[in-house]
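Colleague: Take a look at protein_14.tsv, TSV, C-alpha atoms:
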chain	number	residue	atom	x	y	z
A	27	MET	CA	101.02	140.53	88.19
A	28	ILE	CA	99.33	143.62	86.73
A	29	GLY	CA	95.59	144.00	87.04
A	30	GLU	CA	93.35	145.74	84.54
A	31	ILE	CA	89.69	146.51	84.86
A	32	SER	CA	87.76	145.06	81.94
A	33	ILE	CA	84.26	146.08	80.89
A	34	GLU	CA	81.98	144.00	78.67
A	35	LEU	CA	78.42	142.94	78.05
A	36	PRO	CA	77.34	139.81	79.95
A	37	MET	CA	78.51	136.76	77.98
A	38	ASP	CA	75.14	134.98	78.11
A	39	GLY	CA	73.62	137.19	75.42
A	40	LYS	CA	70.78	138.29	77.69
A	41	ILE	CA	71.31	141.98	76.93
A	42	SER	CA	69.98	143.42	73.67
A	43	CYS	CA	70.95	146.93	72.54
A	44	ARG	CA	69.49	149.17	69.85
A	45	PHE	CA	71.24	152.44	69.00
A	46	TYR	CA	69.54	155.61	67.79
A	47	LEU	CA	71.71	158.70	67.19
A	48	ASP	CA	72.99	159.69	70.65
A	49	GLU	CA	70.73	157.37	72.64
A	50	CYS	CA	70.33	153.65	73.03
A	51	VAL	CA	67.61	151.36	74.31
A	52	ILE	CA	68.63	148.24	76.20
A	53	TYR	CA	66.54	145.20	77.04
A	54	ASN	CA	67.59	142.97	79.92
A	55	GLN	CA	66.12	139.48	79.57
A	56	PHE	CA	66.79	138.66	83.24
A	57	SER	CA	64.85	141.58	84.68
A	58	ALA	CA	62.55	142.07	81.63
A	59	GLU	CA	63.30	145.78	81.98
A	60	THR	CA	63.81	148.20	79.12
A	61	HIS	CA	66.24	151.08	79.64
A	62	LEU	CA	66.63	154.32	77.70
A	63	ILE	CA	70.21	155.51	77.98
A	64	GLY	CA	71.71	158.71	76.62
A	65	GLY	CA	74.94	160.71	76.70
A	66	VAL	CA	78.06	159.05	78.10
A	67	GLY	CA	76.09	155.91	78.98
A	68	ALA	CA	74.98	155.39	75.38
A	69	GLU	CA	78.58	155.73	74.22
A	70	ILE	CA	79.73	153.16	76.79
A	71	PHE	CA	77.29	150.60	75.39
A	72	ASN	CA	78.14	151.56	71.82
A	73	VAL	CA	81.77	150.60	72.53
A	74	ILE	CA	81.25	147.47	74.60
A	75	SER	CA	78.58	146.07	72.26
A	76	LYS	CA	81.41	145.63	69.73
A	77	LYS	CA	84.17	144.30	72.01
A	78	SER	CA	85.28	144.25	75.63
A	79	ILE	CA	87.47	147.16	76.64
A	80	THR	CA	89.59	148.17	79.61
A	81	ARG	CA	88.47	150.97	81.88
A	82	ASN	CA	91.39	153.19	80.85
A	83	GLN	CA	90.74	152.63	77.15
A	84	LEU	CA	87.08	153.45	77.70
A	85	LEU	CA	87.95	156.62	79.64
A	86	ASN	CA	90.27	157.80	76.85
A	87	TYR	CA	87.63	157.03	74.24
A	88	ILE	CA	84.96	158.93	76.16
A	89	ARG	CA	87.29	161.88	76.75
A	90	ASN	CA	87.94	162.12	73.02
A	91	ILE	CA	84.25	162.12	72.18
A	92	PHE	CA	82.85	164.44	74.82
A	93	ILE	CA	84.14	167.96	75.16
A	94	VAL	CA	84.08	168.31	78.90
A	95	GLU	CA	84.33	171.49	80.90
A	96	MET	CA	87.41	171.61	83.10
A	97	ASP	CA	85.47	171.39	86.33
A	98	CYS	CA	83.52	168.31	85.28
A	99	ASP	CA	84.96	165.08	86.66
A	100	LEU	CA	84.33	162.79	83.72
A	101	GLU	CA	86.23	159.92	85.29
A	102	THR	CA	84.02	159.88	88.38
A	103	HIS	CA	80.90	160.25	86.25
A	104	MET	CA	81.92	157.30	84.08
A	105	ASP	CA	82.76	155.13	87.10
A	106	ASN	CA	79.38	155.95	88.67
A	107	LEU	CA	77.63	154.97	85.47
A	108	LEU	CA	79.58	151.71	85.23
A	109	GLN	CA	78.61	150.88	88.82
A	110	GLU	CA	74.94	151.69	88.13
A	111	TYR	CA	74.85	149.58	84.96
A	112	GLN	CA	76.64	146.72	86.70
A	113	ASP	CA	74.04	146.84	89.50
A	114	LEU	CA	71.31	146.64	86.85
A	115	GLY	CA	73.02	143.62	85.28
A	116	LEU	CA	73.58	145.44	82.00
A	117	LEU	CA	77.36	145.01	81.92
A	118	VAL	CA	80.15	143.16	83.67
A	119	VAL	CA	83.14	144.86	85.26
A	120	SER	CA	85.95	142.46	86.13
A	121	MET	CA	89.65	142.49	87.02
A	122	ASN	CA	91.95	140.76	84.53
A	123	TYR	CA	95.49	139.86	85.57
A	124	SER	CA	98.45	139.41	83.28
A	125	ALA	CA	102.06	138.45	84.14
B	10	MET	CA	28.59	132.99	53.37
B	11	LYS	CA	28.25	136.44	54.94
B	12	LEU	CA	26.25	137.02	58.09
B	13	ALA	CA	23.95	139.45	56.23
B	14	GLU	CA	22.98	136.62	53.84
B	15	LEU	CA	21.51	134.57	56.68
B	16	PRO	CA	17.85	135.14	57.64
B	17	LYS	CA	17.48	137.06	60.90
B	18	ASN	CA	15.59	134.26	62.64
B	19	LEU	CA	18.38	131.80	61.81
B	20	ILE	CA	21.04	134.16	63.20
B	21	ILE	CA	19.07	134.53	66.43
B	22	SER	CA	18.61	130.77	66.55
B	23	HIS	CA	22.39	130.21	66.18
B	24	LEU	CA	23.07	132.77	68.91
B	25	LYS	CA	20.66	131.04	71.29
B	26	HIS	CA	21.56	127.45	70.45
B	27	GLY	CA	25.14	126.35	69.88
B	28	GLY	CA	26.57	129.73	68.94
B	29	LEU	CA	27.11	131.93	65.91
B	30	LYS	CA	30.57	131.39	64.38
B	31	LEU	CA	32.19	134.38	62.65
B	32	LYS	CA	35.57	134.98	61.06
B	33	ILE	CA	36.93	138.23	62.48
B	34	GLY	CA	40.32	138.94	60.94
B	35	ALA	CA	42.69	136.14	61.87
B	36	PHE	CA	40.30	134.79	64.51
B	37	ASN	CA	37.32	132.48	64.42
B	38	VAL	CA	34.90	133.51	67.14
B	39	CYS	CA	31.89	131.60	68.44
B	40	ILE	CA	29.28	133.82	70.07
B	41	TYR	CA	26.51	132.42	72.23
B	42	SER	CA	23.98	134.94	73.48
B	43	PRO	CA	20.22	134.85	74.00
B	44	ILE	CA	20.17	138.64	74.51
B	45	ASP	CA	18.27	140.68	71.91
B	46	THR	CA	20.59	143.70	72.02
B	47	VAL	CA	23.57	141.46	71.21
B	48	SER	CA	21.83	139.93	68.18
B	49	GLU	CA	20.78	143.41	67.03
B	50	HIS	CA	24.37	144.66	67.49
B	51	LEU	CA	25.70	141.80	65.35
B	52	LEU	CA	23.01	142.21	62.69
B	53	VAL	CA	23.70	145.93	62.27
B	54	LEU	CA	27.50	145.92	62.53
B	55	TYR	CA	28.78	142.47	61.51
B	56	GLY	CA	26.80	141.85	58.31
B	57	ASP	CA	29.92	141.68	56.09
B	58	TYR	CA	31.69	139.02	58.15
B	59	ASP	CA	32.04	135.44	56.93
B	60	ILE	CA	30.31	132.64	58.78
B	61	VAL	CA	32.72	129.93	59.84
B	62	SER	CA	31.86	126.31	59.07
B	63	ASP	CA	31.25	123.84	61.88
B	64	ASN	CA	34.48	122.00	61.06
B	65	ASP	CA	36.76	125.03	61.48
B	66	PHE	CA	38.82	125.61	64.60
B	67	ILE	CA	37.33	128.21	66.92
B	68	ASP	CA	39.81	130.51	68.65
B	69	PHE	CA	37.41	132.08	71.11
B	70	HIS	CA	34.22	130.56	72.50
B	71	THR	CA	32.36	133.51	74.02
B	72	VAL	CA	29.12	133.72	75.96
B	73	VAL	CA	27.15	136.87	76.80
B	74	LYS	CA	24.17	136.18	79.05
B	75	SER	CA	22.48	136.87	82.37
B	76	PRO	CA	24.21	135.40	85.42
B	77	SER	CA	20.99	133.89	86.81
B	78	ILE	CA	17.24	133.69	86.29
B	79	ILE	CA	16.62	135.98	89.27
B	80	ARG	CA	18.95	138.55	87.76
B	81	ARG	CA	16.75	138.70	84.67
B	82	TYR	CA	14.05	140.37	86.75
B	83	PHE	CA	15.80	142.07	89.67
B	84	ARG	CA	18.33	144.71	88.53
B	85	PRO	CA	19.15	142.62	85.45
B	86	GLN	CA	22.80	142.04	84.70
B	87	VAL	CA	24.94	140.51	82.01
B	88	ASN	CA	28.12	138.42	82.14
B	89	PHE	CA	30.81	137.76	79.56
B	90	SER	CA	32.66	134.46	79.62
B	91	PHE	CA	35.41	132.91	77.53
B	92	ASP	CA	35.86	129.14	77.70
B	93	GLY	CA	33.94	129.20	80.98
B	94	TYR	CA	36.16	131.91	82.48
B	95	PHE	CA	34.64	135.21	83.61
B	96	PRO	CA	37.23	137.98	83.22
B	97	PHE	CA	34.89	140.80	84.32
B	98	LYS	CA	32.31	141.53	86.97
B	99	PRO	CA	28.72	141.57	85.66
B	100	LEU	CA	27.43	144.77	84.06
B	101	PRO	CA	23.91	146.18	83.72
B	102	TYR	CA	21.90	144.19	81.17
B	103	THR	CA	21.58	147.19	78.86
B	104	GLN	CA	25.36	147.11	78.30
B	105	ALA	CA	25.42	143.59	76.83
B	106	SER	CA	26.58	144.58	73.33
B	107	ALA	CA	29.35	146.82	74.67
B	108	MET	CA	30.40	144.01	77.01
B	109	PHE	CA	30.70	141.64	74.04
B	110	GLU	CA	33.10	144.06	72.32
B	111	TRP	CA	35.16	144.61	75.49
B	112	GLY	CA	35.21	140.88	76.13
B	113	LEU	CA	36.44	140.11	72.64
B	114	ASN	CA	39.15	142.76	73.05
B	115	TRP	CA	40.21	141.00	76.24
B	116	CYS	CA	40.31	137.59	74.47
B	117	ILE	CA	42.52	138.90	71.66
B	118	ALA	CA	44.81	140.99	73.88
B	119	ASN	CA	45.43	138.11	76.28
B	120	HIS	CA	45.60	135.11	73.95
B	121	SER	CA	47.29	136.21	70.73
B	122	HIS	CA	50.97	136.02	71.50
B	123	GLN	CA	51.88	135.20	67.92
B	124	TYR	CA	51.50	138.97	67.64
B	125	LEU	CA	52.83	141.94	69.52
B	126	VAL	CA	49.50	143.38	70.66
B	127	ILE	CA	49.53	147.17	70.91
B	128	HIS	CA	46.78	149.33	72.37
B	129	ALA	CA	46.49	151.31	69.15
B	130	ALA	CA	44.26	152.08	66.22
B	131	VAL	CA	45.67	151.19	62.82
B	132	VAL	CA	44.54	152.25	59.36
B	133	GLU	CA	46.07	151.97	55.91
B	134	ARG	CA	46.22	154.08	52.76
B	135	ASN	CA	48.41	153.59	49.68
B	136	GLY	CA	49.93	150.50	51.24
B	137	LYS	CA	51.14	152.41	54.31
B	138	ALA	CA	49.89	151.44	57.76
B	139	PHE	CA	49.51	154.33	60.20
B	140	ILE	CA	49.56	153.19	63.83
B	141	PHE	CA	48.04	155.41	66.54
B	142	PRO	CA	48.90	154.13	70.02
B	143	GLY	CA	47.17	155.84	72.89
B	144	ASN	CA	45.40	155.61	76.18
B	145	PRO	CA	41.63	156.07	76.46
B	146	GLY	CA	40.82	159.72	75.82
B	147	SER	CA	43.74	160.33	73.47
B	148	GLY	CA	41.33	160.54	70.54
B	149	LYS	CA	42.69	157.56	68.62
B	150	SER	CA	39.30	155.96	67.90
B	151	THR	CA	37.73	159.24	66.80
B	152	LEU	CA	40.66	159.89	64.49
B	153	CYS	CA	40.49	156.31	63.27
B	154	ALA	CA	36.74	156.60	62.53
B	155	ALA	CA	37.26	159.90	60.71
B	156	LEU	CA	40.01	158.40	58.53
B	157	VAL	CA	38.00	155.26	57.80
B	158	CYS	CA	34.95	157.36	56.86
B	159	ASN	CA	37.26	159.15	54.41
B	160	GLY	CA	38.29	156.01	52.57
B	161	TRP	CA	41.19	154.67	54.63
B	162	ARG	CA	41.23	150.92	55.28
B	163	LEU	CA	40.43	149.90	58.85
B	164	LEU	CA	42.72	147.27	60.37
B	165	SER	CA	41.66	147.89	63.98
B	166	ASP	CA	40.51	150.75	66.16
B	167	GLU	CA	41.78	149.24	69.41
B	168	LEU	CA	44.30	146.40	69.02
B	169	THR	CA	47.18	146.59	66.57
B	170	LEU	CA	48.55	143.11	65.83
B	171	VAL	CA	52.17	143.04	64.66
B	172	SER	CA	53.49	139.62	63.69
B	173	VAL	CA	56.62	138.65	65.60
B	174	VAL	CA	57.60	136.58	62.56
B	175	ASP	CA	57.39	139.04	59.65
B	176	GLY	CA	56.79	142.42	61.35
B	177	LEU	CA	53.65	143.10	59.29
B	178	VAL	CA	50.45	144.48	60.78
B	179	TYR	CA	47.61	141.93	60.63
B	180	PRO	CA	44.03	143.23	60.52
B	181	ALA	CA	41.23	142.44	62.91
B	182	PRO	CA	38.70	144.99	61.69
B	183	ARG	CA	35.77	145.36	64.05
B	184	PRO	CA	33.23	148.07	64.84
B	185	ILE	CA	34.94	151.29	65.94
B	186	SER	CA	34.07	152.21	69.50
B	187	LEU	CA	33.17	155.89	69.94
B	188	LYS	CA	32.55	157.58	73.25
B	189	ASN	CA	30.34	160.49	74.26
B	190	LYS	CA	30.85	163.61	72.08
B	191	SER	CA	32.79	161.61	69.47
B	192	ILE	CA	29.57	159.88	68.40
B	193	GLU	CA	28.02	163.17	67.26
B	194	VAL	CA	31.33	164.38	65.82
B	195	ILE	CA	31.50	161.37	63.50
B	196	ARG	CA	27.77	161.56	62.68
B	197	ALA	CA	28.31	165.18	61.58
B	198	LEU	CA	31.52	164.40	59.69
B	199	SER	CA	30.12	161.39	57.90
B	200	PRO	CA	26.30	161.22	57.85
B	201	ASP	CA	26.48	157.90	55.93
B	202	ALA	CA	28.38	156.14	58.71
B	203	VAL	CA	26.32	153.35	60.26
B	204	ILE	CA	26.41	153.69	64.05
B	205	GLY	CA	24.77	150.99	66.15
B	206	SER	CA	22.54	151.59	69.16
B	207	VAL	CA	24.19	153.90	71.67
B	208	VAL	CA	24.74	152.29	75.07
B	209	ASN	CA	24.45	154.89	77.83
B	210	ASN	CA	25.81	155.09	81.37
B	211	THR	CA	28.72	152.70	80.92
B	212	ALA	CA	31.90	153.21	82.95
B	213	LYS	CA	33.21	155.09	79.90
B	214	GLY	CA	30.03	157.10	79.34
B	215	ALA	CA	27.91	156.67	76.21
B	216	ILE	CA	29.30	154.15	73.71
B	217	GLY	CA	28.40	153.83	70.03
B	218	HIS	CA	29.99	151.52	67.48
B	219	VAL	CA	30.64	152.41	63.84
B	220	ARG	CA	30.15	149.62	61.31
B	221	PRO	CA	33.46	148.81	59.58
B	222	PRO	CA	33.53	149.46	55.81
B	223	THR	CA	32.73	146.42	53.66
B	224	GLU	CA	36.04	146.78	51.83
B	225	SER	CA	38.03	146.66	55.10
B	226	VAL	CA	36.25	143.47	56.16
B	227	LYS	CA	36.88	141.98	52.70
B	228	LEU	CA	40.63	142.68	53.08
B	229	ALA	CA	40.77	141.31	56.64
B	230	SER	CA	43.32	138.66	55.72
B	231	VAL	CA	45.69	141.09	53.96
B	232	PRO	CA	48.43	142.46	56.22
B	233	ALA	CA	49.95	145.93	55.85
B	234	MET	CA	53.46	147.33	56.05
B	235	PRO	CA	54.01	149.66	59.04
B	236	ALA	CA	54.94	153.17	57.88
B	237	LYS	CA	54.03	155.77	60.50
B	238	LEU	CA	53.85	155.57	64.25
B	239	ILE	CA	51.84	158.52	65.55
B	240	PHE	CA	51.01	159.18	69.20
B	241	PRO	CA	47.83	161.27	69.11
B	242	LYS	CA	46.62	163.63	71.80
B	243	PHE	CA	43.30	165.41	71.48
B	244	LEU	CA	43.55	168.84	73.12
B	245	ASP	CA	40.44	170.98	72.89
B	246	GLY	CA	41.26	174.22	71.04
B	247	SER	CA	44.81	173.24	70.16
B	248	LYS	CA	46.46	173.78	66.79
B	249	THR	CA	47.33	170.75	64.70
B	250	ILE	CA	50.94	169.96	65.51
B	251	LEU	CA	52.78	166.97	64.10
B	252	ALA	CA	56.21	166.83	65.76
B	253	THR	CA	58.92	164.33	64.94
B	254	LEU	CA	59.65	161.97	67.81
B	255	SER	CA	63.06	160.35	68.26
B	256	LYS	CA	63.04	156.62	67.65
B	257	SER	CA	64.41	155.84	71.11
B	258	ARG	CA	61.61	157.82	72.79
B	259	ALA	CA	59.04	156.31	70.43
B	260	LEU	CA	60.26	152.84	71.36
B	261	LEU	CA	59.78	153.53	75.07
B	262	LYS	CA	56.32	155.05	74.50
B	263	LEU	CA	55.33	152.09	72.37
B	264	VAL	CA	56.41	149.62	75.06
B	265	GLU	CA	54.04	151.39	77.48
B	266	ASN	CA	51.17	150.73	75.07
B	267	CYS	CA	51.81	147.01	74.51
B	268	PHE	CA	49.64	144.38	76.17
B	269	ASN	CA	52.04	141.45	75.88
B	270	TYR	CA	55.54	142.98	75.65
B	271	ASN	CA	56.71	141.30	78.85
B	272	ILE	CA	55.22	137.94	77.85
B	273	LEU	CA	57.10	137.97	74.52
B	274	GLY	CA	60.41	138.79	76.22
B	275	VAL	CA	63.28	139.49	73.83
B	276	ASN	CA	61.02	138.73	70.84
B	277	GLY	CA	58.80	141.58	72.01
B	278	PHE	CA	61.80	143.91	72.26
B	279	ASN	CA	62.99	142.94	68.78
B	280	CYS	CA	59.50	143.35	67.35
B	281	VAL	CA	59.02	146.80	68.93
B	282	SER	CA	62.52	147.89	67.81
B	283	ASP	CA	61.94	146.72	64.23
B	284	LEU	CA	58.57	148.46	64.13
B	285	VAL	CA	60.16	151.72	65.27
B	286	ASN	CA	63.01	151.31	62.76
B	287	ASP	CA	60.53	150.75	59.91
B	288	SER	CA	58.32	153.72	60.84
B	289	ASP	CA	58.54	157.48	60.94
B	290	CYS	CA	57.59	158.47	64.48
B	291	PHE	CA	55.56	161.49	65.56
B	292	ASN	CA	53.63	163.12	68.37
B	293	LEU	CA	50.35	164.59	67.14
B	294	GLU	CA	48.36	167.25	68.98
B	295	TYR	CA	45.02	168.06	67.41
B	296	SER	CA	41.55	169.42	67.92
B	297	SER	CA	40.37	169.92	64.32
B	298	LEU	CA	39.56	166.61	62.63
B	299	ASN	CA	39.36	168.20	59.17
B	300	GLU	CA	42.85	169.71	59.49
B	301	THR	CA	44.23	166.46	60.80
B	302	LEU	CA	42.63	164.45	58.00
B	303	LEU	CA	44.31	166.68	55.40
B	304	LEU	CA	47.65	166.44	57.16
B	305	LEU	CA	47.57	162.65	57.45
B	306	THR	CA	46.33	162.22	53.89
B	307	ASP	CA	49.29	164.32	52.67
B	308	LEU	CA	51.60	162.15	54.75
B	309	SER	CA	50.24	158.99	53.11
B	310	ASP	CA	50.60	160.23	49.49
Can you dump the structure from the file as structure tokens?

Modeller:
Amino acid sequence: MIGEISIELPMDGKISCRFYLDECVIYNQFSAETHLIGGVGAEIFNVISKKSITRNQLLNYIRNIFIVEMDCDLETHMDNLLQEYQDLGLLVVSMNYSA
Amino acid sequence: MKLAELPKNLIISHLKHGGLKLKIGAFNVCIYSPIDTVSEHLLVLYGDYDIVSDNDFIDFHTVVKSPSIIRRYFRPQVNFSFDGYFPFKPLPYTQASAMFEWGLNWCIANHSHQYLVIHAAVVERNGKAFIFPGNPGSGKSTLCAALVCNGWRLLSDELTLVSVVDGLVYPAPRPISLKNKSIEVIRALSPDAVIGSVVNNTAKGAIGHVRPPTESVKLASVPAMPAKLIFPKFLDGSKTILATLSKSRALLKLVENCFNYNILGVNGFNCVSDLVNDSDCFNLEYSSLNETLLLLTDLSD
């Protein structure tokens, strides 16, 4: 069994996203909160609003878009953002297993 | 029939017995008040409004009167009530007309969820609605009065009503509330403007109301297409600066100025987003009204 981390918007349709250039605004119907998200975070939602994606695919996608200085740990930054957004209920991170 | 076509004694009689029923934009309002300053306020500022027939549905039943007989003689006070509910503490009796306007604002802001209700002035020229959201002191009403005195159509100086169904801005033109120095500024800018009796020593200082133009009241059932979303800020001595605002930032700022965004839920979010998408968004810093009038008129051509 091989596990893969999958990232997607919650399936219940309670998250609404609007995209504006390099920023996005997200409305969470559960919390009734509105979030302004920029940079890497906006790109994460841009991708997952179209389809679910694995963590590694997302990391590669983000690496290709953002020119990152060598000393910047993009992987850690992305994982921190994913954790923060998951805590806010804006996305779902789950482990998928395949044989 | 317009209010101005009714004899004064009949208007006062309606106000004292049963209520005067006026059509104010999309709302039918019944006003009961035995207070002379309220009847004078309505006579001076609401002459162009249609009287509603007895058979029509009334959206807001309002009462402006003294809380008790004793209070008529000892430090007299006035109360505003809506359907028997008192949303505010009593105010000094001399502030009755201002209290009516504040009370009606409260009624509309809290009971009109067919609209996204924004704390904003809104005017229209050449079919383009310019929306000016802002907190008290931002200068939105002064700017609104100046534009209206220069031929722009008044939709509202305080509450912008955006339909959650079609995204259009629906008018509720009412007297424009000016505070303190703004009263003299507008008197000087437009000597023909009709300004009602000034109410002094309110919590906001001196308040004067500008009568809405007849044409704006006549077009009170005609909605307008949103075109510009401008966040004004009056800064004494500043240059006139109109700076483009990103749509994402404008959306967040607009949310802060909505009365019922949370009540509307996702419909509120969609309505705010669509409004921002349909509008060019700006921050405006100004001190010179004349400069700003020219700038905004150019923008509406």

Colleague: Find the residues in chain A near chain B: any atom within 8 Å counts, using all atoms listed in the file. Write them as a list in words.

Modeller: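 Close enough to count are Ser42, Arg44, Phe45, Tyr46, Glu49, Cys50, Val51, Tyr53, Gln55, Ala58, Thr60 and Leu62 of chain A.
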
Colleague: When you draw a straight line from CA of Lys11 (chain B) to CA of Lys149 (chain B), how long is it in Å?

Modeller: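 One can read the CA of Lys11 (chain B) to CA of Lys149 (chain B) distance as 29.0 Å.
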
Colleague: Can you tell me, as an MDAnalysis selection string, what residues are no more than 9 Å from Thr80 (chain A) when counting all atoms listed in the file, ignoring any on the same chain fewer than 4 positions away?

Modeller: chainID A and resid 30:34 84:85

Colleague: Kindly give the distance, in Å, that separates CA of Leu113 (chain B) and CA of Leu293 (chain B), rounded to a single decimal.

Modeller: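 Calculated distance between CA of Leu113 (chain B) and CA of Leu293 (chain B) is 28.7 Å.
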
Colleague: Just checking: using all atoms listed in the file, which residue out of B:Ile140, B:Val47, B:Ala215, B:Val131 ends up closest to Ser165 (chain B)?

Modeller: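 The closest residue to Ser165 (chain B) is B:Val131.
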
Colleague: May I have the residues within 8 Å of Ile88 (chain A) as a list of chain:residue names, using only C-alpha atoms and disregarding those fewer than 5 positions away in the same chain?

Modeller: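 With the cut-off at 8 Å, the set is A:Val66, A:Glu69, A:Ile70.
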
Colleague: Would you please work out which residue, of B:Ala252, B:Ala35, B:Val285, B:Leu29, is nearest to Arg183 (chain B) when using all atoms listed in the file?

Modeller: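 The shortest atom-to-atom distance to Arg183 (chain B) comes from B:Ala35.
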
Colleague: Please, what distance in Å, to one decimal, runs between CA of Phe139 (chain B) and CA of Ile239 (chain B)?

Modeller: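 The value is 7.2 Å.
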
Colleague: Considering all atoms listed in the file, state which residue in the set B:Asn144, B:Ser225, B:Ser288, B:Ser172 is at the smallest distance from Val157 (chain B).

Modeller: B:Ser225
